[in-house]
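Just data26.pdb here, PDB, N, CA and C atoms:
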```pdb
ATOM      1  N   MET A  15       4.646   4.184  10.095
ATOM      2  CA  MET A  15       4.134   5.523   9.996
ATOM      3  C   MET A  15       2.683   5.522  10.465
ATOM      4  N   GLU A  16       2.398   6.354  11.441
ATOM      5  CA  GLU A  16       1.030   6.490  11.955
ATOM      6  C   GLU A  16       0.194   7.321  10.983
ATOM      7  N   LEU A  17      -1.126   7.229  11.098
ATOM      8  CA  LEU A  17      -2.030   7.932  10.196
ATOM      9  C   LEU A  17      -1.811   9.444  10.249
ATOM     10  N   LYS A  18      -1.599  10.004  11.435
ATOM     11  CA  LYS A  18      -1.376  11.451  11.532
ATOM     12  C   LYS A  18      -0.069  11.855  10.861
ATOM     13  N   GLU A  19       0.939  10.988  10.896
ATOM     14  CA  GLU A  19       2.199  11.260  10.205
ATOM     15  C   GLU A  19       2.005  11.211   8.692
ATOM     16  N   LEU A  20       1.153  10.298   8.224
ATOM     17  CA  LEU A  20       0.845  10.208   6.800
ATOM     18  C   LEU A  20       0.141  11.484   6.327
ATOM     19  N   LYS A  21      -0.806  11.984   7.119
ATOM     20  CA  LYS A  21      -1.505  13.232   6.781
ATOM     21  C   LYS A  21      -0.514  14.384   6.643
ATOM     22  N   CYS A  22       0.376  14.498   7.597
ATOM     23  CA  CYS A  22       1.382  15.557   7.588
ATOM     24  C   CYS A  22       2.312  15.402   6.383
ATOM     25  N   TYR A  23       2.743  14.198   6.127
ATOM     26  CA  TYR A  23       3.636  13.930   5.003
ATOM     27  C   TYR A  23       2.956  14.300   3.688
ATOM     28  N   ALA A  24       1.689  13.917   3.527
ATOM     29  CA  ALA A  24       0.951  14.196   2.297
ATOM     30  C   ALA A  24       0.782  15.698   2.078
ATOM     31  N   ARG A  25       0.632  16.469   3.154
ATOM     32  CA  ARG A  25       0.480  17.922   3.031
ATOM     33  C   ARG A  25       1.769  18.605   2.585
ATOM     34  N   HIS A  26       2.920  18.061   2.984
ATOM     35  CA  HIS A  26       4.197  18.733   2.735
ATOM     36  C   HIS A  26       5.009  18.148   1.584
ATOM     37  N   HIS A  27       4.601  17.018   1.055
ATOM     38  CA  HIS A  27       5.338  16.382  -0.038
ATOM     39  C   HIS A  27       4.370  16.043  -1.164
ATOM     40  N   ASP A  28       4.893  16.023  -2.380
ATOM     41  CA  ASP A  28       4.031  15.646  -3.494
ATOM     42  C   ASP A  28       4.624  14.528  -4.354
ATOM     43  N   ASN A  29       5.838  14.135  -4.070
ATOM     44  CA  ASN A  29       6.489  13.109  -4.873
ATOM     45  C   ASN A  29       6.612  11.811  -4.072
ATOM     46  N   PHE A  30       5.490  11.115  -3.931
ATOM     47  CA  PHE A  30       5.475   9.832  -3.232
ATOM     48  C   PHE A  30       4.390   8.969  -3.851
ATOM     49  N   GLU A  31       4.427   7.703  -3.533
ATOM     50  CA  GLU A  31       3.458   6.746  -4.065
ATOM     51  C   GLU A  31       2.843   5.969  -2.913
ATOM     52  N   ILE A  32       1.526   5.825  -2.966
ATOM     53  CA  ILE A  32       0.813   5.013  -1.986
ATOM     54  C   ILE A  32       0.471   3.692  -2.639
ATOM     55  N   ARG A  33       0.756   2.620  -1.951
ATOM     56  CA  ARG A  33       0.450   1.280  -2.450
ATOM     57  C   ARG A  33      -0.466   0.576  -1.467
ATOM     58  N   VAL A  34      -1.483  -0.067  -2.012
ATOM     59  CA  VAL A  34      -2.388  -0.894  -1.221
ATOM     60  C   VAL A  34      -1.979  -2.331  -1.521
ATOM     61  N   ILE A  35      -1.446  -3.001  -0.533
ATOM     62  CA  ILE A  35      -0.862  -4.325  -0.706
ATOM     63  C   ILE A  35      -1.882  -5.397  -0.341
ATOM     64  N   SER A  36      -2.005  -6.394  -1.229
ATOM     65  CA  SER A  36      -2.892  -7.528  -0.991
ATOM     66  C   SER A  36      -2.162  -8.798  -1.399
ATOM     67  N   HIS A  37      -2.389  -9.851  -0.658
ATOM     68  CA  HIS A  37      -1.817 -11.150  -0.994
ATOM     69  C   HIS A  37      -2.943 -12.058  -1.467
ATOM     70  N   ALA A  38      -2.706 -12.782  -2.546
ATOM     71  CA  ALA A  38      -3.724 -13.690  -3.069
ATOM     72  C   ALA A  38      -4.129 -14.671  -1.981
ATOM     73  N   GLY A  39      -5.418 -14.904  -1.865
ATOM     74  CA  GLY A  39      -5.922 -15.817  -0.850
ATOM     75  C   GLY A  39      -6.208 -15.151   0.473
ATOM     76  N   SER A  40      -5.803 -13.904   0.619
ATOM     77  CA  SER A  40      -6.037 -13.163   1.853
ATOM     78  C   SER A  40      -7.066 -12.073   1.582
ATOM     79  N   ARG A  41      -7.834 -11.763   2.568
ATOM     80  CA  ARG A  41      -8.827 -10.692   2.423
ATOM     81  C   ARG A  41      -8.415  -9.451   3.202
ATOM     82  N   CYS A  42      -7.147  -9.326   3.456
ATOM     83  CA  CYS A  42      -6.632  -8.173   4.188
ATOM     84  C   CYS A  42      -5.796  -7.299   3.257
ATOM     85  N   TYR A  43      -5.850  -6.007   3.507
ATOM     86  CA  TYR A  43      -5.093  -5.034   2.738
ATOM     87  C   TYR A  43      -4.226  -4.235   3.696
ATOM     88  N   GLN A  44      -3.064  -3.827   3.213
ATOM     89  CA  GLN A  44      -2.144  -3.012   4.001
ATOM     90  C   GLN A  44      -1.724  -1.828   3.140
ATOM     91  N   ILE A  45      -1.501  -0.677   3.746
ATOM     92  CA  ILE A  45      -1.106   0.530   3.032
ATOM     93  C   ILE A  45       0.382   0.766   3.234
ATOM     94  N   GLU A  46       1.056   1.065   2.129
ATOM     95  CA  GLU A  46       2.496   1.315   2.161
ATOM     96  C   GLU A  46       2.790   2.609   1.403
ATOM     97  N   LEU A  47       3.678   3.422   1.927
ATOM     98  CA  LEU A  47       4.121   4.648   1.269
ATOM     99  C   LEU A  47       5.542   4.446   0.785
ATOM    100  N   GLU A  48       5.822   4.858  -0.454
ATOM    101  CA  GLU A  48       7.198   4.859  -0.960
ATOM    102  C   GLU A  48       7.538   6.278  -1.371
ATOM    103  N   ASP A  49       8.617   6.829  -0.804
ATOM    104  CA  ASP A  49       9.011   8.193  -1.137
ATOM    105  C   ASP A  49       9.922   8.203  -2.351
ATOM    106  N   MET A  50      10.356   9.406  -2.760
ATOM    107  CA  MET A  50      11.139   9.523  -3.994
ATOM    108  C   MET A  50      12.533   8.924  -3.868
ATOM    109  N   GLU A  51      13.011   8.683  -2.653
ATOM    110  CA  GLU A  51      14.310   8.026  -2.473
ATOM    111  C   GLU A  51      14.192   6.506  -2.471
ATOM    112  N   GLY A  52      12.966   5.991  -2.532
ATOM    113  CA  GLY A  52      12.757   4.553  -2.535
ATOM    114  C   GLY A  52      12.526   3.955  -1.159
ATOM    115  N   GLU A  53      12.474   4.801  -0.142
ATOM    116  CA  GLU A  53      12.206   4.325   1.214
ATOM    117  C   GLU A  53      10.735   3.945   1.338
ATOM    118  N   ARG A  54      10.466   2.815   1.976
ATOM    119  CA  ARG A  54       9.099   2.341   2.149
ATOM    120  C   ARG A  54       8.726   2.321   3.621
ATOM    121  N   ASP A  55       7.458   2.653   3.874
ATOM    122  CA  ASP A  55       6.967   2.669   5.243
ATOM    123  C   ASP A  55       5.512   2.230   5.236
ATOM    124  N   SER A  56       5.147   1.300   6.100
ATOM    125  CA  SER A  56       3.775   0.814   6.193
ATOM    126  C   SER A  56       2.991   1.659   7.185
ATOM    127  N   LEU A  57       1.697   1.761   6.946
ATOM    128  CA  LEU A  57       0.815   2.485   7.846
ATOM    129  C   LEU A  57       0.598   1.648   9.097
ATOM    130  N   THR A  58       0.774   2.279  10.258
ATOM    131  CA  THR A  58       0.640   1.575  11.529
ATOM    132  C   THR A  58      -0.350   2.288  12.437
ATOM    133  N   GLN A  59      -0.782   1.573  13.454
ATOM    134  CA  GLN A  59      -1.626   2.138  14.493
ATOM    135  C   GLN A  59      -1.085   1.634  15.820
ATOM    136  N   HIS A  60      -0.641   2.546  16.649
ATOM    137  CA  HIS A  60      -0.017   2.212  17.945
ATOM    138  C   HIS A  60       1.164   1.259  17.753
ATOM    139  N   GLY A  61       1.920   1.464  16.687
ATOM    140  CA  GLY A  61       3.117   0.670  16.433
ATOM    141  C   GLY A  61       2.889  -0.671  15.758
ATOM    142  N   LYS A  62       1.632  -1.030  15.480
ATOM    143  CA  LYS A  62       1.327  -2.299  14.827
ATOM    144  C   LYS A  62       0.768  -2.030  13.436
ATOM    145  N   PRO A  63       1.080  -2.894  12.462
ATOM    146  CA  PRO A  63       0.590  -2.671  11.094
ATOM    147  C   PRO A  63      -0.939  -2.601  11.043
ATOM    148  N   MET A  64      -1.451  -1.608  10.300
ATOM    149  CA  MET A  64      -2.898  -1.492  10.109
ATOM    150  C   MET A  64      -3.303  -2.428   8.973
ATOM    151  N   LEU A  65      -4.286  -3.262   9.237
ATOM    152  CA  LEU A  65      -4.825  -4.154   8.214
ATOM    153  C   LEU A  65      -6.284  -3.805   7.992
ATOM    154  N   PHE A  66      -6.708  -3.854   6.748
ATOM    155  CA  PHE A  66      -8.073  -3.519   6.377
ATOM    156  C   PHE A  66      -8.718  -4.725   5.717
ATOM    157  N   ARG A  67      -9.999  -4.925   5.959
ATOM    158  CA  ARG A  67     -10.716  -6.082   5.415
ATOM    159  C   ARG A  67     -11.400  -5.791   4.086
ATOM    160  N   ALA A  68     -11.513  -4.513   3.706
ATOM    161  CA  ALA A  68     -12.179  -4.157   2.458
ATOM    162  C   ALA A  68     -11.498  -2.932   1.854
ATOM    163  N   LEU A  69     -11.536  -2.836   0.522
ATOM    164  CA  LEU A  69     -10.958  -1.673  -0.136
ATOM    165  C   LEU A  69     -11.690  -0.389   0.256
ATOM    166  N   ASP A  70     -12.979  -0.480   0.543
ATOM    167  CA  ASP A  70     -13.725   0.703   0.975
ATOM    168  C   ASP A  70     -13.134   1.292   2.256
ATOM    169  N   ASP A  71     -12.700   0.434   3.162
ATOM    170  CA  ASP A  71     -12.059   0.906   4.397
ATOM    171  C   ASP A  71     -10.734   1.602   4.094
ATOM    172  N   VAL A  72      -9.991   1.056   3.136
ATOM    173  CA  VAL A  72      -8.720   1.662   2.720
ATOM    174  C   VAL A  72      -8.986   3.041   2.129
ATOM    175  N   TYR A  73      -9.975   3.121   1.220
ATOM    176  CA  TYR A  73     -10.310   4.401   0.592
ATOM    177  C   TYR A  73     -10.663   5.444   1.646
ATOM    178  N   LEU A  74     -11.462   5.064   2.621
ATOM    179  CA  LEU A  74     -11.900   5.991   3.661
ATOM    180  C   LEU A  74     -10.706   6.552   4.439
ATOM    181  N   GLU A  75      -9.786   5.686   4.845
ATOM    182  CA  GLU A  75      -8.607   6.142   5.600
ATOM    183  C   GLU A  75      -7.715   7.044   4.753
ATOM    184  N   LEU A  76      -7.526   6.678   3.489
ATOM    185  CA  LEU A  76      -6.681   7.499   2.628
ATOM    186  C   LEU A  76      -7.326   8.856   2.345
ATOM    187  N   LYS A  77      -8.639   8.871   2.166
ATOM    188  CA  LYS A  77      -9.334  10.154   1.969
ATOM    189  C   LYS A  77      -9.177  11.044   3.192
ATOM    190  N   ARG A  78      -9.252  10.452   4.379
ATOM    191  CA  ARG A  78      -9.054  11.227   5.622
ATOM    192  C   ARG A  78      -7.661  11.842   5.679
ATOM    193  N   ALA A  79      -6.709  11.169   5.057
ATOM    194  CA  ALA A  79      -5.336  11.674   5.034
ATOM    195  C   ALA A  79      -5.106  12.640   3.877
ATOM    196  N   GLY A  80      -6.135  12.883   3.045
ATOM    197  CA  GLY A  80      -6.000  13.804   1.926
ATOM    198  C   GLY A  80      -5.395  13.179   0.687
ATOM    199  N   ILE A  81      -5.454  11.864   0.596
ATOM    200  CA  ILE A  81      -4.881  11.143  -0.543
ATOM    201  C   ILE A  81      -6.023  10.574  -1.383
ATOM    202  N   HIS A  82      -5.933  10.759  -2.704
ATOM    203  CA  HIS A  82      -7.013  10.327  -3.586
ATOM    204  C   HIS A  82      -6.538   9.418  -4.710
ATOM    205  N   ARG A  83      -5.277   9.010  -4.661
ATOM    206  CA  ARG A  83      -4.727   8.092  -5.662
ATOM    207  C   ARG A  83      -3.800   7.092  -4.982
ATOM    208  N   ALA A  84      -3.837   5.880  -5.482
ATOM    209  CA  ALA A  84      -2.961   4.827  -4.957
ATOM    210  C   ALA A  84      -2.825   3.760  -6.031
ATOM    211  N   TYR A  85      -2.008   2.770  -5.751
ATOM    212  CA  TYR A  85      -1.862   1.612  -6.628
ATOM    213  C   TYR A  85      -2.180   0.359  -5.827
ATOM    214  N   LEU A  86      -2.978  -0.505  -6.404
ATOM    215  CA  LEU A  86      -3.260  -1.796  -5.791
ATOM    216  C   LEU A  86      -2.198  -2.771  -6.274
ATOM    217  N   ILE A  87      -1.511  -3.386  -5.342
ATOM    218  CA  ILE A  87      -0.464  -4.372  -5.640
ATOM    219  C   ILE A  87      -0.924  -5.695  -5.056
ATOM    220  N   GLN A  88      -1.050  -6.706  -5.913
ATOM    221  CA  GLN A  88      -1.482  -8.007  -5.419
ATOM    222  C   GLN A  88      -0.383  -9.021  -5.658
ATOM    223  N   PHE A  89       0.091  -9.592  -4.567
ATOM    224  CA  PHE A  89       1.111 -10.625  -4.659
ATOM    225  C   PHE A  89       0.437 -11.978  -4.824
ATOM    226  N   VAL A  90       0.975 -12.774  -5.751
ATOM    227  CA  VAL A  90       0.444 -14.102  -6.009
ATOM    228  C   VAL A  90       1.554 -15.110  -5.738
ATOM    229  N   ALA A  91       1.216 -16.133  -5.015
ATOM    230  CA  ALA A  91       2.230 -17.120  -4.614
ATOM    231  C   ALA A  91       2.595 -18.104  -5.721
ATOM    232  N   ASN A  92       1.999 -17.990  -6.894
ATOM    233  CA  ASN A  92       2.257 -18.953  -7.966
ATOM    234  C   ASN A  92       3.725 -19.029  -8.346
ATOM    235  N   ASP A  93       4.430 -17.901  -8.357
ATOM    236  CA  ASP A  93       5.844 -17.918  -8.713
ATOM    237  C   ASP A  93       6.626 -18.841  -7.783
ATOM    238  N   GLU A  94       6.327 -18.785  -6.499
ATOM    239  CA  GLU A  94       7.038 -19.630  -5.553
ATOM    240  C   GLU A  94       6.695 -21.106  -5.754
ATOM    241  N   VAL A  95       5.441 -21.379  -6.080
ATOM    242  CA  VAL A  95       4.994 -22.761  -6.232
ATOM    243  C   VAL A  95       5.676 -23.441  -7.407
ATOM    244  N   ILE A  96       5.860 -22.715  -8.512
ATOM    245  CA  ILE A  96       6.453 -23.347  -9.693
ATOM    246  C   ILE A  96       7.965 -23.164  -9.773
ATOM    247  N   GLY A  97       8.562 -22.623  -8.727
ATOM    248  CA  GLY A  97      10.013 -22.543  -8.650
ATOM    249  C   GLY A  97      10.622 -21.275  -9.209
ATOM    250  N   ARG A  98       9.828 -20.307  -9.609
ATOM    251  CA  ARG A  98      10.368 -19.030 -10.074
ATOM    252  C   ARG A  98      10.678 -18.132  -8.889
ATOM    253  N   GLU A  99      11.581 -17.209  -9.129
ATOM    254  CA  GLU A  99      11.923 -16.224  -8.105
ATOM    255  C   GLU A  99      10.771 -15.232  -7.964
ATOM    256  N   PRO A 100      10.206 -15.068  -6.758
ATOM    257  CA  PRO A 100       9.126 -14.086  -6.588
ATOM    258  C   PRO A 100       9.671 -12.660  -6.683
ATOM    259  N   HIS A 101       8.877 -11.765  -7.222
ATOM    260  CA  HIS A 101       9.293 -10.370  -7.402
ATOM    261  C   HIS A 101       8.486  -9.475  -6.476
ATOM    262  N   TYR A 102       8.708  -9.590  -5.185
ATOM    263  CA  TYR A 102       7.945  -8.815  -4.212
ATOM    264  C   TYR A 102       8.313  -7.338  -4.220
ATOM    265  N   GLN A 103       9.559  -7.032  -4.494
ATOM    266  CA  GLN A 103       9.981  -5.634  -4.418
ATOM    267  C   GLN A 103       9.633  -4.837  -5.659
ATOM    268  N   SER A 104       9.396  -5.475  -6.790
ATOM    269  CA  SER A 104       9.039  -4.744  -8.011
ATOM    270  C   SER A 104       7.908  -5.457  -8.754
ATOM    271  N   PRO A 105       6.720  -5.447  -8.194
ATOM    272  CA  PRO A 105       5.589  -6.148  -8.825
ATOM    273  C   PRO A 105       4.907  -5.276  -9.881
ATOM    274  N   LEU A 106       5.670  -4.850 -10.904
ATOM    275  CA  LEU A 106       5.143  -3.886 -11.862
ATOM    276  C   LEU A 106       3.981  -4.433 -12.672
ATOM    277  N   GLY A 107       3.939  -5.722 -12.883
ATOM    278  CA  GLY A 107       2.846  -6.289 -13.662
ATOM    279  C   GLY A 107       1.528  -6.306 -12.932
ATOM    280  N   SER A 108       1.541  -6.145 -11.627
ATOM    281  CA  SER A 108       0.305  -6.238 -10.859
ATOM    282  C   SER A 108      -0.146  -4.890 -10.299
ATOM    283  N   ARG A 109       0.369  -3.805 -10.841
ATOM    284  CA  ARG A 109       0.004  -2.462 -10.356
ATOM    285  C   ARG A 109      -1.291  -2.025 -11.012
ATOM    286  N   ILE A 110      -2.319  -1.838 -10.204
ATOM    287  CA  ILE A 110      -3.621  -1.386 -10.696
ATOM    288  C   ILE A 110      -3.867   0.001 -10.105
ATOM    289  N   PRO A 111      -3.999   1.036 -10.946
ATOM    290  CA  PRO A 111      -4.226   2.369 -10.397
ATOM    291  C   PRO A 111      -5.616   2.477  -9.754
ATOM    292  N   LEU A 112      -5.681   3.123  -8.611
ATOM    293  CA  LEU A 112      -6.920   3.382  -7.894
ATOM    294  C   LEU A 112      -7.106   4.888  -7.773
ATOM    295  N   VAL A 113      -8.280   5.368  -8.105
ATOM    296  CA  VAL A 113      -8.622   6.781  -7.907
ATOM    297  C   VAL A 113      -9.935   6.815  -7.158
ATOM    298  N   PHE A 114      -9.976   7.541  -6.049
ATOM    299  CA  PHE A 114     -11.168   7.567  -5.209
ATOM    300  C   PHE A 114     -11.411   8.953  -4.666
TER     301      PHE A 114
END
```

Written form, structure tokens:
Amino acid sequence: MELKELKCYARHHDNFEIRVISHAGSRCYQIELEDMEGERDSLTQHGKPMLFRALDDVYLELKRAGIHRAYLIQFVANDEVIGREPHYQSPLGSRIPLVF
């Protein structure tokens, strides 16, 4: 989903969730939208995933799209290291609300 599509979607829908995805050990963030049907779509630019180096950059882009709330999701590789099944699709324990 391109940024202009996200702006349009945000204007016409109100039942969706924005997630800011981060992986432990990485300093990059990615934005993901999940709609009420559970469909997920990452923010892209010219067909390639948009990556951000700071949360301030993420906030700025989301504000431009008219979005002022999101959840920070941080994936930690520890589950894989100790042999547990990683929970990438439902990381409920790592959801941090963001308001900007």

* Give as a PyMOL selection string each residue that has an atom at most 8 Å from (-3.6, 7.1, 9.1) in the file, counting all atoms listed in the file. => chain A and resi 15-21+57-59+75-76+78-79

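Atom C of Arg54 (chain A) to CA of Leu69 (chain A) spans 20.4 Å [interatomic distance, one decimal].
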
* Asked: Using only N, CA and C atoms, which residue out of A:Glu48, A:His27, A:Arg41, A:Ile110 lies closest to Leu86 (chain A)?
  -> A:Ile110

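Note that atom C of Pro111 (chain A) and CA of Gly61 (chain A) are 27.7 Å apart.
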
* **Pairwise distance for CA of Arg83 (chain A) and CA of Leu65 (chain A), rounded to one decimal in Å** => 18.5 Å

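Nearest to Phe89 (chain A) of all the residues A:Glu31, A:His37, A:Lys77, A:Ala24 is A:His37, counting all atoms listed in the file.
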
* To do: Identify all residues of chain A in strand (DSSP E or B) (DSSP on the backbone) and supply them as a ChimeraX atom specification.
  => /A:16,30-37,43-49,54-56,58-59,62-63,66,83-89,109-113

* To do: Find the residues around Ile87 (chain A) up to 6 Å (all atoms listed in the file counted), leave out those fewer than 3 positions away in its own chain, and share them as a VMD selection string.
  => chain A and resid 33 to 36 108 to 110

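Minimum atom-to-atom distance to Tyr43 (chain A), evaluated using all atoms listed in the file, belongs to A:Ala68 out of A:Lys62, A:Arg25, A:Leu112, A:Ala68.
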
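Scanning chain A with DSSP on the backbone, the alpha helix (DSSP H) assignments fall on A:Leu17, A:Lys18, A:Glu19, A:Leu20, A:Lys21, A:Cys22, A:Tyr23, A:Ala24, A:Arg25, A:His26, A:Leu69, A:Asp70, A:Asp71, A:Val72, A:Tyr73, A:Leu74, A:Glu75, A:Leu76, A:Lys77, A:Arg78, A:Asn92, A:Asp93, A:Glu94, A:Val95.
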